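Asker: Okay, so here is target.cif, and as you'll see once you scroll down, it has mmCIF, C-alpha atoms.
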```cif
data_target
#
loop_
_atom_site.group_PDB
_atom_site.id
_atom_site.type_symbol
_atom_site.label_atom_id
_atom_site.label_comp_id
_atom_site.auth_asym_id
_atom_site.auth_seq_id
_atom_site.Cartn_x
_atom_site.Cartn_y
_atom_site.Cartn_z
ATOM 1 C CA MET A 1 14.815 -11.520 -22.162
ATOM 2 C CA SER A 2 12.283 -9.200 -20.702
ATOM 3 C CA VAL A 3 11.059 -9.491 -17.143
ATOM 4 C CA ARG A 4 7.741 -11.308 -16.705
ATOM 5 C CA VAL A 5 5.205 -9.831 -14.300
ATOM 6 C CA GLY A 6 2.105 -11.745 -13.197
ATOM 7 C CA VAL A 7 -0.864 -9.626 -12.138
ATOM 8 C CA VAL A 8 -3.392 -11.434 -9.948
ATOM 9 C CA LEU A 9 -7.022 -11.070 -11.027
ATOM 10 C CA PHE A 10 -9.735 -11.675 -8.441
ATOM 11 C CA PRO A 11 -13.436 -11.155 -9.117
ATOM 12 C CA GLY A 12 -13.671 -7.470 -8.183
ATOM 13 C CA SER A 13 -10.089 -6.409 -8.977
ATOM 14 C CA ASN A 14 -10.139 -3.182 -10.981
ATOM 15 C CA CYS A 15 -6.553 -1.928 -11.278
ATOM 16 C CA GLU A 16 -5.012 -4.893 -13.073
ATOM 17 C CA GLN A 17 -4.969 -3.165 -16.481
ATOM 18 C CA ASP A 18 -3.283 -0.092 -14.995
ATOM 19 C CA VAL A 19 -0.497 -2.320 -13.670
ATOM 20 C CA ILE A 20 -0.172 -4.150 -16.988
ATOM 21 C CA GLU A 21 0.020 -0.819 -18.841
ATOM 22 C CA ALA A 22 2.658 0.566 -16.459
ATOM 23 C CA VAL A 23 4.986 -2.440 -16.526
ATOM 24 C CA SER A 24 4.522 -3.016 -20.263
ATOM 25 C CA ALA A 25 5.477 0.599 -20.984
ATOM 26 C CA LEU A 26 8.754 -0.138 -19.198
ATOM 27 C CA GLY A 27 9.404 -3.170 -21.397
ATOM 28 C CA ALA A 28 8.172 -5.964 -19.132
ATOM 29 C CA GLU A 29 5.934 -8.790 -20.262
ATOM 30 C CA ALA A 30 2.726 -8.797 -18.240
ATOM 31 C CA SER A 31 0.168 -11.549 -17.820
ATOM 32 C CA LEU A 32 -2.949 -12.017 -15.719
ATOM 33 C CA LEU A 33 -3.018 -14.715 -13.049
ATOM 34 C CA TRP A 34 -6.604 -15.879 -12.476
ATOM 35 C CA HIS A 35 -7.385 -16.213 -8.767
ATOM 36 C CA GLY A 36 -8.712 -19.754 -9.239
ATOM 37 C CA ASP A 37 -5.433 -21.058 -10.673
ATOM 38 C CA ASP A 38 -3.101 -22.789 -8.257
ATOM 39 C CA SER A 39 0.097 -21.600 -9.912
ATOM 40 C CA VAL A 40 1.759 -18.294 -10.744
ATOM 41 C CA GLY A 41 3.421 -19.897 -13.759
ATOM 42 C CA ASP A 42 6.733 -18.713 -15.009
ATOM 43 C CA VAL A 43 6.826 -15.133 -13.723
ATOM 44 C CA ASP A 44 9.643 -13.089 -12.171
ATOM 45 C CA ALA A 45 7.372 -10.854 -10.075
ATOM 46 C CA VAL A 46 3.790 -10.846 -8.837
ATOM 47 C CA VAL A 47 1.560 -7.823 -8.342
ATOM 48 C CA VAL A 48 -1.663 -8.058 -6.343
ATOM 49 C CA PRO A 49 -3.553 -5.059 -7.737
ATOM 50 C CA GLY A 50 -6.165 -2.768 -6.277
ATOM 51 C CA GLY A 51 -9.922 -3.084 -6.396
ATOM 52 C CA PHE A 52 -12.510 -4.886 -4.318
ATOM 53 C CA ALA A 53 -11.475 -8.539 -4.427
ATOM 54 C CA HIS A 54 -14.523 -10.730 -3.748
ATOM 55 C CA GLY A 55 -16.516 -7.569 -3.079
ATOM 56 C CA ASP A 56 -14.515 -6.884 0.108
ATOM 57 C CA TYR A 57 -17.093 -9.130 1.813
ATOM 58 C CA LEU A 58 -16.459 -9.759 5.530
ATOM 59 C CA ARG A 59 -13.256 -7.623 5.404
ATOM 60 C CA PRO A 60 -11.090 -6.451 2.505
ATOM 61 C CA GLY A 61 -8.882 -9.382 1.580
ATOM 62 C CA ALA A 62 -10.559 -11.830 3.967
ATOM 63 C CA ILE A 63 -12.007 -14.022 1.202
ATOM 64 C CA ALA A 64 -9.275 -13.331 -1.356
ATOM 65 C CA ARG A 65 -6.606 -14.883 0.825
ATOM 66 C CA PHE A 66 -8.302 -18.271 0.347
ATOM 67 C CA SER A 67 -8.238 -18.072 -3.463
ATOM 68 C CA PRO A 68 -6.076 -20.932 -4.801
ATOM 69 C CA VAL A 69 -3.596 -18.545 -6.426
ATOM 70 C CA MET A 70 -2.675 -17.106 -3.011
ATOM 71 C CA SER A 71 -0.984 -20.353 -1.920
ATOM 72 C CA ALA A 72 1.142 -20.125 -5.056
ATOM 73 C CA VAL A 73 1.868 -16.437 -4.359
ATOM 74 C CA ALA A 74 2.906 -17.328 -0.786
ATOM 75 C CA LYS A 75 5.250 -20.015 -2.083
ATOM 76 C CA PHE A 76 6.699 -17.626 -4.704
ATOM 77 C CA ALA A 77 7.270 -15.039 -1.946
ATOM 78 C CA GLY A 78 8.764 -17.693 0.344
ATOM 79 C CA ASP A 79 11.274 -18.532 -2.392
ATOM 80 C CA GLY A 80 12.322 -14.857 -2.478
ATOM 81 C CA GLY A 81 10.258 -13.745 -5.489
ATOM 82 C CA PRO A 82 9.231 -10.074 -5.504
ATOM 83 C CA VAL A 83 5.560 -9.575 -4.604
ATOM 84 C CA VAL A 84 3.870 -6.187 -4.415
ATOM 85 C CA GLY A 85 0.357 -5.551 -3.105
ATOM 86 C CA ILE A 86 -1.158 -2.220 -4.072
ATOM 87 C CA CYS A 87 -4.139 -0.818 -2.139
ATOM 88 C CA ASN A 88 -6.606 -3.728 -1.966
ATOM 89 C CA GLY A 89 -3.599 -5.920 -2.791
ATOM 90 C CA PHE A 90 -1.910 -4.636 0.394
ATOM 91 C CA GLN A 91 -5.037 -5.590 2.342
ATOM 92 C CA VAL A 92 -4.962 -9.061 0.749
ATOM 93 C CA LEU A 93 -1.283 -9.551 1.687
ATOM 94 C CA THR A 94 -1.901 -8.590 5.332
ATOM 95 C CA GLU A 95 -4.920 -10.919 5.547
ATOM 96 C CA ALA A 96 -2.805 -13.673 3.988
ATOM 97 C CA GLY A 97 -0.144 -13.149 6.655
ATOM 98 C CA LEU A 98 2.550 -12.224 4.102
ATOM 99 C CA LEU A 99 2.798 -8.790 5.719
ATOM 100 C CA PRO A 100 2.113 -7.854 9.362
ATOM 101 C CA GLY A 101 -0.622 -5.536 10.615
ATOM 102 C CA ALA A 102 -4.012 -4.608 9.189
ATOM 103 C CA LEU A 103 -5.739 -1.812 7.277
ATOM 104 C CA GLN A 104 -8.612 -0.146 9.076
ATOM 105 C CA LYS A 105 -11.232 2.338 7.953
ATOM 106 C CA ASN A 106 -9.789 5.792 7.362
ATOM 107 C CA GLN A 107 -9.840 8.188 10.253
ATOM 108 C CA GLY A 108 -12.648 10.601 9.379
ATOM 109 C CA LEU A 109 -14.583 7.838 7.584
ATOM 110 C CA LYS A 110 -14.088 9.339 4.142
ATOM 111 C CA PHE A 111 -13.269 7.456 0.978
ATOM 112 C CA LEU A 112 -10.117 9.234 -0.164
ATOM 113 C CA CYS A 113 -9.522 9.868 -3.858
ATOM 114 C CA THR A 114 -6.677 12.332 -4.202
ATOM 115 C CA THR A 115 -2.974 12.663 -4.859
ATOM 116 C CA VAL A 116 -0.619 12.539 -1.889
ATOM 117 C CA GLU A 117 3.085 12.924 -1.292
ATOM 118 C CA VAL A 118 5.000 9.929 0.013
ATOM 119 C CA ARG A 119 8.607 9.859 1.098
ATOM 120 C CA VAL A 120 10.920 6.975 0.254
ATOM 121 C CA GLU A 121 12.170 5.885 3.691
ATOM 122 C CA SER A 122 14.127 2.811 2.687
ATOM 123 C CA THR A 123 15.586 1.796 -0.650
ATOM 124 C CA ASP A 124 16.140 -1.745 0.583
ATOM 125 C CA SER A 125 12.992 -3.403 -0.783
ATOM 126 C CA ALA A 126 11.592 -4.880 -3.985
ATOM 127 C CA LEU A 127 9.597 -1.702 -4.632
ATOM 128 C CA THR A 128 12.157 0.955 -3.737
ATOM 129 C CA CYS A 129 15.543 -0.481 -4.726
ATOM 130 C CA ALA A 130 15.871 1.888 -7.718
ATOM 131 C CA ALA A 131 14.357 4.907 -5.946
ATOM 132 C CA THR A 132 16.240 7.647 -4.132
ATOM 133 C CA ALA A 133 16.200 7.614 -0.323
ATOM 134 C CA GLY A 134 14.337 10.642 0.984
ATOM 135 C CA ALA A 135 12.716 11.381 -2.391
ATOM 136 C CA VAL A 136 9.173 12.729 -2.176
ATOM 137 C CA LEU A 137 6.836 11.203 -4.769
ATOM 138 C CA ARG A 138 3.389 12.426 -5.845
ATOM 139 C CA VAL A 139 1.191 9.355 -6.112
ATOM 140 C CA PRO A 140 -2.618 8.917 -6.114
ATOM 141 C CA ILE A 141 -4.533 7.214 -3.328
ATOM 142 C CA ASN A 142 -7.985 5.742 -3.697
ATOM 143 C CA HIS A 143 -9.216 3.932 -0.617
ATOM 144 C CA PHE A 144 -11.624 3.716 2.301
ATOM 145 C CA GLU A 145 -9.603 1.281 4.383
ATOM 146 C CA GLY A 146 -6.023 2.486 4.264
ATOM 147 C CA ASN A 147 -5.447 3.333 7.899
ATOM 148 C CA TYR A 148 -2.505 1.034 8.687
ATOM 149 C CA THR A 149 -2.358 -0.376 12.197
ATOM 150 C CA CYS A 150 -0.365 -3.035 14.027
ATOM 151 C CA SER A 151 0.641 -4.024 17.550
ATOM 152 C CA PRO A 152 3.269 -1.904 19.363
ATOM 153 C CA ASP A 153 5.694 -4.850 19.132
ATOM 154 C CA THR A 154 5.224 -5.112 15.381
ATOM 155 C CA LEU A 155 5.690 -1.361 14.962
ATOM 156 C CA ALA A 156 8.917 -1.491 16.973
ATOM 157 C CA GLU A 157 10.130 -4.335 14.775
ATOM 158 C CA LEU A 158 9.211 -2.521 11.543
ATOM 159 C CA ARG A 159 11.096 0.569 12.709
ATOM 160 C CA ALA A 160 14.142 -1.306 14.000
ATOM 161 C CA ASP A 161 14.483 -3.317 10.776
ATOM 162 C CA ASP A 162 13.925 -0.313 8.515
ATOM 163 C CA ARG A 163 10.870 -2.028 7.018
ATOM 164 C CA ILE A 164 8.699 1.085 6.725
ATOM 165 C CA VAL A 165 9.567 1.795 3.094
ATOM 166 C CA LEU A 166 7.140 4.675 2.381
ATOM 167 C CA ARG A 167 5.642 7.311 4.670
ATOM 168 C CA TYR A 168 3.022 9.966 3.933
ATOM 169 C CA VAL A 169 4.372 13.491 4.105
ATOM 170 C CA THR A 170 0.925 14.565 5.355
ATOM 171 C CA ASN A 171 -1.039 11.696 6.841
ATOM 172 C CA PRO A 172 -4.362 11.431 4.936
ATOM 173 C CA ASN A 173 -6.014 8.490 6.694
ATOM 174 C CA GLY A 174 -4.756 8.190 10.268
ATOM 175 C CA ALA A 175 -2.218 5.476 9.455
ATOM 176 C CA LEU A 176 0.039 4.571 12.372
ATOM 177 C CA ASP A 177 3.409 6.357 12.160
ATOM 178 C CA ASP A 178 2.360 7.837 8.763
ATOM 179 C CA ILE A 179 2.917 4.426 7.194
ATOM 180 C CA ALA A 180 2.100 4.256 3.477
ATOM 181 C CA GLY A 181 4.045 1.086 2.692
ATOM 182 C CA ILE A 182 5.968 -1.684 4.445
ATOM 183 C CA CYS A 183 7.976 -4.741 3.483
ATOM 184 C CA ASN A 184 8.413 -8.216 4.965
ATOM 185 C CA GLU A 185 11.555 -9.508 6.677
ATOM 186 C CA GLY A 186 12.951 -10.770 3.380
ATOM 187 C CA ARG A 187 12.278 -7.311 1.857
ATOM 188 C CA ASN A 188 10.862 -9.008 -1.270
ATOM 189 C CA VAL A 189 7.193 -8.559 -0.301
ATOM 190 C CA VAL A 190 5.947 -4.974 -0.224
ATOM 191 C CA GLY A 191 2.476 -3.571 0.442
ATOM 192 C CA LEU A 192 1.407 0.031 -0.064
ATOM 193 C CA MET A 193 -1.847 1.977 -0.213
ATOM 194 C CA PRO A 194 -0.860 4.532 -2.914
ATOM 195 C CA HIS A 195 -1.086 3.582 -6.602
ATOM 196 C CA PRO A 196 2.338 4.039 -8.294
ATOM 197 C CA GLU A 197 0.982 2.377 -11.466
ATOM 198 C CA ARG A 198 -1.329 5.353 -11.950
ATOM 199 C CA ALA A 199 1.545 7.825 -11.734
ATOM 200 C CA CYS A 200 3.723 6.545 -14.555
ATOM 201 C CA ASN A 201 2.985 9.143 -17.204
ATOM 202 C CA ASP A 202 2.964 12.932 -17.066
ATOM 203 C CA LEU A 203 -0.365 12.845 -18.904
ATOM 204 C CA LEU A 204 -1.856 11.308 -15.758
ATOM 205 C CA GLY A 205 -0.583 14.162 -13.605
ATOM 206 C CA SER A 206 2.572 12.547 -12.255
ATOM 207 C CA SER A 207 5.275 10.174 -13.375
ATOM 208 C CA ASP A 208 6.771 9.813 -9.898
ATOM 209 C CA GLY A 209 5.472 6.246 -9.651
ATOM 210 C CA LEU A 210 8.016 5.200 -12.289
ATOM 211 C CA ALA A 211 10.749 5.048 -9.624
ATOM 212 C CA LEU A 212 8.712 2.400 -7.760
ATOM 213 C CA VAL A 213 7.525 0.363 -10.752
ATOM 214 C CA THR A 214 11.063 0.422 -12.168
ATOM 215 C CA SER A 215 12.351 -0.856 -8.806
ATOM 216 C CA LEU A 216 10.003 -3.827 -9.012
ATOM 217 C CA LEU A 217 11.293 -4.688 -12.481
ATOM 218 C CA VAL A 218 14.905 -4.349 -11.280
ATOM 219 C CA ALA A 219 14.127 -6.685 -8.361
ATOM 220 C CA ALA A 220 12.392 -9.085 -10.757
ATOM 221 C CA GLY A 221 15.360 -8.952 -13.116
ATOM 222 C CA ALA A 222 17.684 -9.898 -10.283
ATOM 223 C CA VAL A 223 15.542 -12.950 -9.620
ATOM 224 C CA ASN A 224 15.519 -13.728 -13.324
ATOM 225 C CA GLN A 225 19.301 -13.688 -13.532
ATOM 226 C CA THR A 226 20.011 -15.695 -10.396
ATOM 227 C CA GLY A 227 17.035 -18.038 -10.619
ATOM 228 C CA MET B 228 -27.501 -31.796 16.790
ATOM 229 C CA LYS B 229 -28.057 -28.323 15.500
ATOM 230 C CA PHE B 230 -26.874 -25.208 17.308
ATOM 231 C CA SER B 231 -27.760 -21.625 16.679
ATOM 232 C CA VAL B 232 -24.643 -19.448 16.712
ATOM 233 C CA VAL B 233 -24.211 -15.712 17.086
ATOM 234 C CA VAL B 234 -20.723 -14.285 16.569
ATOM 235 C CA GLU B 235 -20.351 -10.681 17.608
ATOM 236 C CA VAL B 236 -17.207 -9.270 16.004
ATOM 237 C CA GLN B 237 -15.823 -6.157 17.639
ATOM 238 C CA LEU B 238 -12.678 -4.086 17.426
ATOM 239 C CA ARG B 239 -10.228 -4.942 20.171
ATOM 240 C CA ALA B 240 -10.013 -2.625 23.149
ATOM 241 C CA GLY B 241 -7.615 0.169 22.333
ATOM 242 C CA VAL B 242 -8.114 -0.073 18.563
ATOM 243 C CA ALA B 243 -9.482 3.208 17.233
ATOM 244 C CA ASP B 244 -13.062 2.918 15.971
ATOM 245 C CA PRO B 245 -13.772 5.776 13.522
ATOM 246 C CA GLN B 246 -17.391 4.647 13.027
ATOM 247 C CA GLY B 247 -18.074 4.531 16.761
ATOM 248 C CA ALA B 248 -16.424 7.925 17.242
ATOM 249 C CA THR B 249 -18.561 9.460 14.477
ATOM 250 C CA ILE B 250 -21.781 8.088 15.973
ATOM 251 C CA GLU B 251 -20.750 9.305 19.418
ATOM 252 C CA ARG B 252 -20.122 12.804 18.077
ATOM 253 C CA SER B 253 -23.449 12.819 16.226
ATOM 254 C CA LEU B 254 -25.744 11.744 19.056
ATOM 255 C CA PRO B 255 -25.634 15.012 21.039
ATOM 256 C CA HIS B 256 -26.793 16.876 17.890
ATOM 257 C CA LEU B 257 -30.009 14.857 18.091
ATOM 258 C CA GLY B 258 -30.418 15.621 21.769
ATOM 259 C CA PHE B 259 -29.018 12.355 23.105
ATOM 260 C CA ASP B 260 -26.564 13.501 25.719
ATOM 261 C CA GLY B 261 -24.522 11.354 28.041
ATOM 262 C CA VAL B 262 -23.682 8.590 25.556
ATOM 263 C CA SER B 263 -20.102 7.335 25.664
ATOM 264 C CA GLU B 264 -17.934 4.378 24.650
ATOM 265 C CA VAL B 265 -19.759 3.783 21.353
ATOM 266 C CA ARG B 266 -18.210 0.853 19.488
ATOM 267 C CA VAL B 267 -19.401 -0.492 16.142
ATOM 268 C CA GLY B 268 -19.033 -4.175 15.316
ATOM 269 C CA LYS B 269 -20.790 -6.755 13.226
ATOM 270 C CA CYS B 270 -22.966 -9.708 13.979
ATOM 271 C CA ILE B 271 -22.778 -13.027 12.128
ATOM 272 C CA ARG B 272 -25.537 -15.628 12.681
ATOM 273 C CA PHE B 273 -25.582 -19.195 11.446
ATOM 274 C CA VAL B 274 -26.548 -22.734 12.356
ATOM 275 C CA VAL B 275 -23.915 -25.405 12.917
ATOM 276 C CA ASP B 276 -24.339 -29.156 13.108
ATOM 277 C CA ALA B 277 -22.141 -30.755 15.788
ATOM 278 C CA ALA B 278 -22.110 -33.696 18.206
ATOM 279 C CA ASP B 279 -22.495 -31.500 21.284
ATOM 280 C CA GLU B 280 -22.306 -27.904 22.456
ATOM 281 C CA ALA B 281 -18.617 -28.030 23.398
ATOM 282 C CA THR B 282 -17.693 -29.334 19.933
ATOM 283 C CA ALA B 283 -19.813 -26.639 18.289
ATOM 284 C CA ALA B 284 -18.171 -23.933 20.421
ATOM 285 C CA ARG B 285 -14.678 -25.215 19.585
ATOM 286 C CA GLU B 286 -15.461 -25.203 15.891
ATOM 287 C CA VAL B 287 -16.830 -21.651 16.025
ATOM 288 C CA ASP B 288 -13.758 -20.449 17.965
ATOM 289 C CA ASP B 289 -11.576 -21.920 15.231
ATOM 290 C CA MET B 290 -13.675 -20.170 12.544
ATOM 291 C CA CYS B 291 -13.219 -16.887 14.404
ATOM 292 C CA ALA B 292 -9.460 -17.288 14.693
ATOM 293 C CA ARG B 293 -8.945 -18.268 11.062
ATOM 294 C CA PHE B 294 -11.611 -16.394 9.162
ATOM 295 C CA LEU B 295 -14.431 -14.505 10.851
ATOM 296 C CA THR B 296 -12.163 -12.045 12.671
ATOM 297 C CA ASN B 297 -8.848 -10.412 11.903
ATOM 298 C CA PRO B 298 -7.043 -11.077 15.199
ATOM 299 C CA VAL B 299 -4.777 -8.061 14.644
ATOM 300 C CA ILE B 300 -7.663 -5.656 15.244
ATOM 301 C CA GLU B 301 -10.760 -7.674 16.154
ATOM 302 C CA ASP B 302 -12.036 -10.186 18.649
ATOM 303 C CA ALA B 303 -15.331 -11.998 18.995
ATOM 304 C CA VAL B 304 -17.968 -12.863 21.548
ATOM 305 C CA VAL B 305 -19.599 -16.173 20.654
ATOM 306 C CA ARG B 306 -23.003 -17.474 21.754
ATOM 307 C CA VAL B 307 -23.944 -21.080 20.995
ATOM 308 C CA GLU B 308 -27.440 -22.378 21.789
ATOM 309 C CA ALA B 309 -29.042 -25.723 21.047
ATOM 310 C CA LEU B 310 -31.858 -25.438 18.527
ATOM 311 C CA VAL B 311 -35.018 -27.019 19.887
ATOM 312 C CA GLY B 312 -37.128 -29.190 17.592
#
```
Please express what this file holds, its structure, as structure tokens.

Answerer:
Amino acid sequence: MSVRVGVVLFPGSNCEQDVIEAVSALGAEASLLWHGDDSVGDVDAVVVPGGFAHGDYLRPGAIARFSPVMSAVAKFAGDGGPVVGICNGFQVLTEAGLLPGALQKNQGLKFLCTTVEVRVESTDSALTCAATAGAVLRVPINHFEGNYTCSPDTLAELRADDRIVLRYVTNPNGALDDIAGICNEGRNVVGLMPHPERACNDLLGSSDGLALVTSLLVAAGAVNQTG
Amino acid sequence: MKFSVVVEVQLRAGVADPQGATIERSLPHLGFDGVSEVRVGKCIRFVVDAADEATAAREVDDMCARFLTNPVIEDAVVRVEALVG
């Protein structure tokens, strides 16, 4: 049975179809999870996609975290289910307290729309378990608020626990310690600013994102088998 | 009783403020020298109905902690004033 991936749809999300396309091409069954629903249904993994959930009003993710579906996502994550937040989805997960830290405006105050190189720093997470440690991946970024920051204590913890899963090779946005992606203590919740779902086909300029999307499906499959 | 509330949200001390830094760098180009420590925040105004000023202030503090600010990078200065009439 194929892995089922739920993709959260807020008013203002705009990358949900990219995620559906990427996971479907790898044989997964994808469905949209409307933000007003209070359940994630029968899925094996959840993706919170990029965009401008609720218009990014107040702060990116600040309103989205109160959408009914987020309580269900938190419960799914608490039970060990793989949850990945991409770009705006990363911002939503930090606001929801599922990941530590916050995303600030980019250093230099420019909206960045380009392709960057990220290095896989840890393969012990739901988004990197099938990737190669140390591999450098070419993945697009597309954000204004991607400058990751956290308290010195949190940074020390992230480093000590090997929870910085992706780092920029060349820091584009001022992110602390070149952080492009982190995971939670359980390693099943991952947030990242780059868009692996848009780098899953050579026609799009890179297929390096496949290693990450495949990892998510592997992690979801593990849940499927044991759960 | 109605209270007028002003919440001034600002980045915590020590948190880099790219907007403030950009403004600070721009001002000398317009001839405004000697400006430093520019910080950009946001201001949220509303009216709250509460039994007394202390209750109103407590409620606004709770709003700040749970919603109006992101405590990781921001804090808030709150002003609560009774609305006359």

Asker: Go through chain A residue by residue and, counting only C-alpha atoms, keep those with an atom at most 9 Å from chain B; for each kept residue give the shortest atom pair and its distance in Å to one decimal, ordered by chain and increasing number, as a Markdown table.

Answerer:
```
| residue | atom | partner | partner_atom | distance |
| --- | --- | --- | --- | --- |
| A:Leu58 | CA | B:Leu295 | CA | 7.4 |
| A:Arg59 | CA | B:Asn297 | CA | 8.3 |
| A:Ala62 | CA | B:Phe294 | CA | 7.0 |
| A:Ile63 | CA | B:Phe294 | CA | 8.3 |
| A:Glu95 | CA | B:Asn297 | CA | 7.5 |
| A:Pro100 | CA | B:Val299 | CA | 8.7 |
| A:Gly101 | CA | B:Val299 | CA | 6.3 |
| A:Ala102 | CA | B:Val299 | CA | 6.5 |
| A:Gln104 | CA | B:Ile300 | CA | 8.3 |
| A:Lys105 | CA | B:Pro245 | CA | 7.0 |
| A:Asn106 | CA | B:Pro245 | CA | 7.3 |
| A:Gln107 | CA | B:Pro245 | CA | 5.7 |
| A:Gly108 | CA | B:Pro245 | CA | 6.5 |
| A:Leu109 | CA | B:Pro245 | CA | 6.3 |
| A:Thr149 | CA | B:Ile300 | CA | 8.1 |
| A:Cys150 | CA | B:Val299 | CA | 6.7 |
| A:Ser151 | CA | B:Val299 | CA | 7.4 |
```

Asker: Atom CA of A:Val69 to atom CA of A:Cys15: how many Å, to one decimal?

Answerer: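 About the pair atom CA of A:Val69 and atom CA of A:Cys15: they are 17.6 Å apart.
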
Asker: Compare B:Ala277, B:Val265, B:Val236, B:Ile250 by their minimum atom-to-atom distance to B:Glu308, counting all atoms listed in the file, and give me the closest one.

Answerer: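 Looking only at the distances to B:Glu308, the closest residue turns out to be B:Ala277.
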
Asker: Please report the interatomic distance between atom CA of B:Ala281 and atom CA of B:Val234 in Å with one decimal.

Answerer: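 Atom-to-atom, atom CA of B:Ala281 and atom CA of B:Val234 are spaced 15.5 Å apart.
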
Asker: Take the PyMOL selection byres ((chain A and resi 52) around 6), run it mentally on this structure, and tell me the resulting residues as an MDAnalysis selection string.

Answerer: chainID A and resid 12:13 51 53 55:56

Asker: To one decimal place, how far is atom CA of A:Phe111 from atom CA of A:Pro140 in Å?

Answerer: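 Taking atom CA of A:Phe111 as the start and atom CA of A:Pro140 as the end point, the length is 12.9 Å.
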
Asker: Need to verify the contact set: stretch 119-127 of chain A, 6 Å, all atoms listed in the file, exclusion of same-chain residues closer than 6 positions in sequence. Can you return it as a list in words?

Answerer: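 Result of the neighbour search: Pro82, Ala133, Gly134, Ala135, Val136, Val165, Leu166, Arg167, Arg187, Asn188, Leu212, Ser215, Leu216 and Ala219 of chain A.
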
Asker: Name the residues in contact with A:His195 at a cut-off of 7 Å, using only C-alpha atoms, excluding same-chain residues fewer than 2 positions from it; report them as a list in words.

Answerer: Ile86, Cys87, Val139, Pro140, Ile141, Met193, Glu197 and Arg198 of chain A

Asker: I need the residue set behind the PyMOL selection byres ((chain A and resi 46) around 6) for this file; please write it as a PDB file with C-alpha atoms, in the coordinates of the input.

Answerer:
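Generated output (selection00.pdb):
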```pdb
ATOM      1  CA  VAL A   5       5.205  -9.831 -14.300  1.00  0.00           C
ATOM      2  CA  GLY A   6       2.105 -11.745 -13.197  1.00  0.00           C
ATOM      3  CA  VAL A   7      -0.864  -9.626 -12.138  1.00  0.00           C
ATOM      4  CA  ALA A  45       7.372 -10.854 -10.075  1.00  0.00           C
ATOM      5  CA  VAL A  47       1.560  -7.823  -8.342  1.00  0.00           C
ATOM      6  CA  VAL A  83       5.560  -9.575  -4.604  1.00  0.00           C
TER       7      VAL A  83
END
```

Asker: Would you mind telling me which residue in A:Asp208, A:Asp42, A:Val8, A:Glu29 lies nearest to A:Met70 when using all atoms listed in the file?

Answerer: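 When distances to A:Met70 are compared using all atoms listed in the file, the smallest one comes from A:Val8.
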
Asker: For the structure provided, state which residues fall under the PyMOL selection byres ((chain A and resi 172) around 12), and present them as a count of residues only.

Answerer: 38

Asker: Quick one: residues within 10 Å of B:Val304, only C-alpha atoms, excluding same-chain residues fewer than 5 positions away - as number ranges by chain?

Answerer: B: 233-237, 270, 288, 291

Asker: Within 12 Å of (-24.2, 7.7, 26.8), only C-alpha atoms: residues as a PDB file with C-alpha atoms, in the frame of the given file?

Answerer:
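This went into selection.pdb:
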```pdb
ATOM      1  CA  ILE B 250     -21.781   8.088  15.973  1.00  0.00           C
ATOM      2  CA  GLU B 251     -20.750   9.305  19.418  1.00  0.00           C
ATOM      3  CA  ARG B 252     -20.122  12.804  18.077  1.00  0.00           C
ATOM      4  CA  SER B 253     -23.449  12.819  16.226  1.00  0.00           C
ATOM      5  CA  LEU B 254     -25.744  11.744  19.056  1.00  0.00           C
ATOM      6  CA  PRO B 255     -25.634  15.012  21.039  1.00  0.00           C
ATOM      7  CA  GLY B 258     -30.418  15.621  21.769  1.00  0.00           C
ATOM      8  CA  PHE B 259     -29.018  12.355  23.105  1.00  0.00           C
ATOM      9  CA  ASP B 260     -26.564  13.501  25.719  1.00  0.00           C
ATOM     10  CA  GLY B 261     -24.522  11.354  28.041  1.00  0.00           C
ATOM     11  CA  VAL B 262     -23.682   8.590  25.556  1.00  0.00           C
ATOM     12  CA  SER B 263     -20.102   7.335  25.664  1.00  0.00           C
ATOM     13  CA  GLU B 264     -17.934   4.378  24.650  1.00  0.00           C
ATOM     14  CA  VAL B 265     -19.759   3.783  21.353  1.00  0.00           C
ATOM     15  CA  ARG B 266     -18.210   0.853  19.488  1.00  0.00           C
TER      16      ARG B 266
END
```

Asker: I'd like the contact shell of A:Ser2 - 9 Å cut-off, only C-alpha atoms, skipping same-chain residues fewer than 3 positions apart - returned as a VMD selection string.

Answerer: chain A and resid 27 to 29 221

Asker: With all atoms listed in the file as the basis for distance, which of A:Ser39, A:Arg138, A:Arg4, A:Asp79 is at the shortest distance from A:Asn201?

Answerer: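 Of A:Ser39, A:Arg138, A:Arg4, A:Asp79, the one nearest A:Asn201 is A:Arg138, counting all atoms listed in the file.
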
Asker: From (-24.1, -23.9, 17.2), in the file's coordinates, out to 6 Å: which residues are reached, counting all atoms listed in the file? Answer as a list in words.

Answerer: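 Output: Phe230, Ser231, Val232, Val274, Val275, Ala283, Val307 and Glu308 of chain B.
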
Asker: Write out, as a compact mmCIF listing (two decimals), keeping the file's coordinate frame, the residues just selected, with C-alpha atoms.

Answerer:
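Saved as result04.txt:
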```txt
# COMPACT_ATOMS: atom_id res chain seq x y z
CA PHE B 230 -26.87 -25.21 17.31
CA SER B 231 -27.76 -21.62 16.68
CA VAL B 232 -24.64 -19.45 16.71
CA VAL B 274 -26.55 -22.73 12.36
CA VAL B 275 -23.92 -25.40 12.92
CA ALA B 283 -19.81 -26.64 18.29
CA VAL B 307 -23.94 -21.08 21.00
CA GLU B 308 -27.44 -22.38 21.79
```

Asker: Would you mind listing what lies within 8 Å of A:Gly61 as a list in words, with all atoms listed in the file counted and same-chain residues fewer than 3 positions away left out?

Answerer: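 Within the cut-off, the hits are Ala53, His54, Asp56, Ala64, Arg65, Asn88, Gly89, Gln91, Val92, Leu93, Thr94, Glu95 and Ala96 of chain A.
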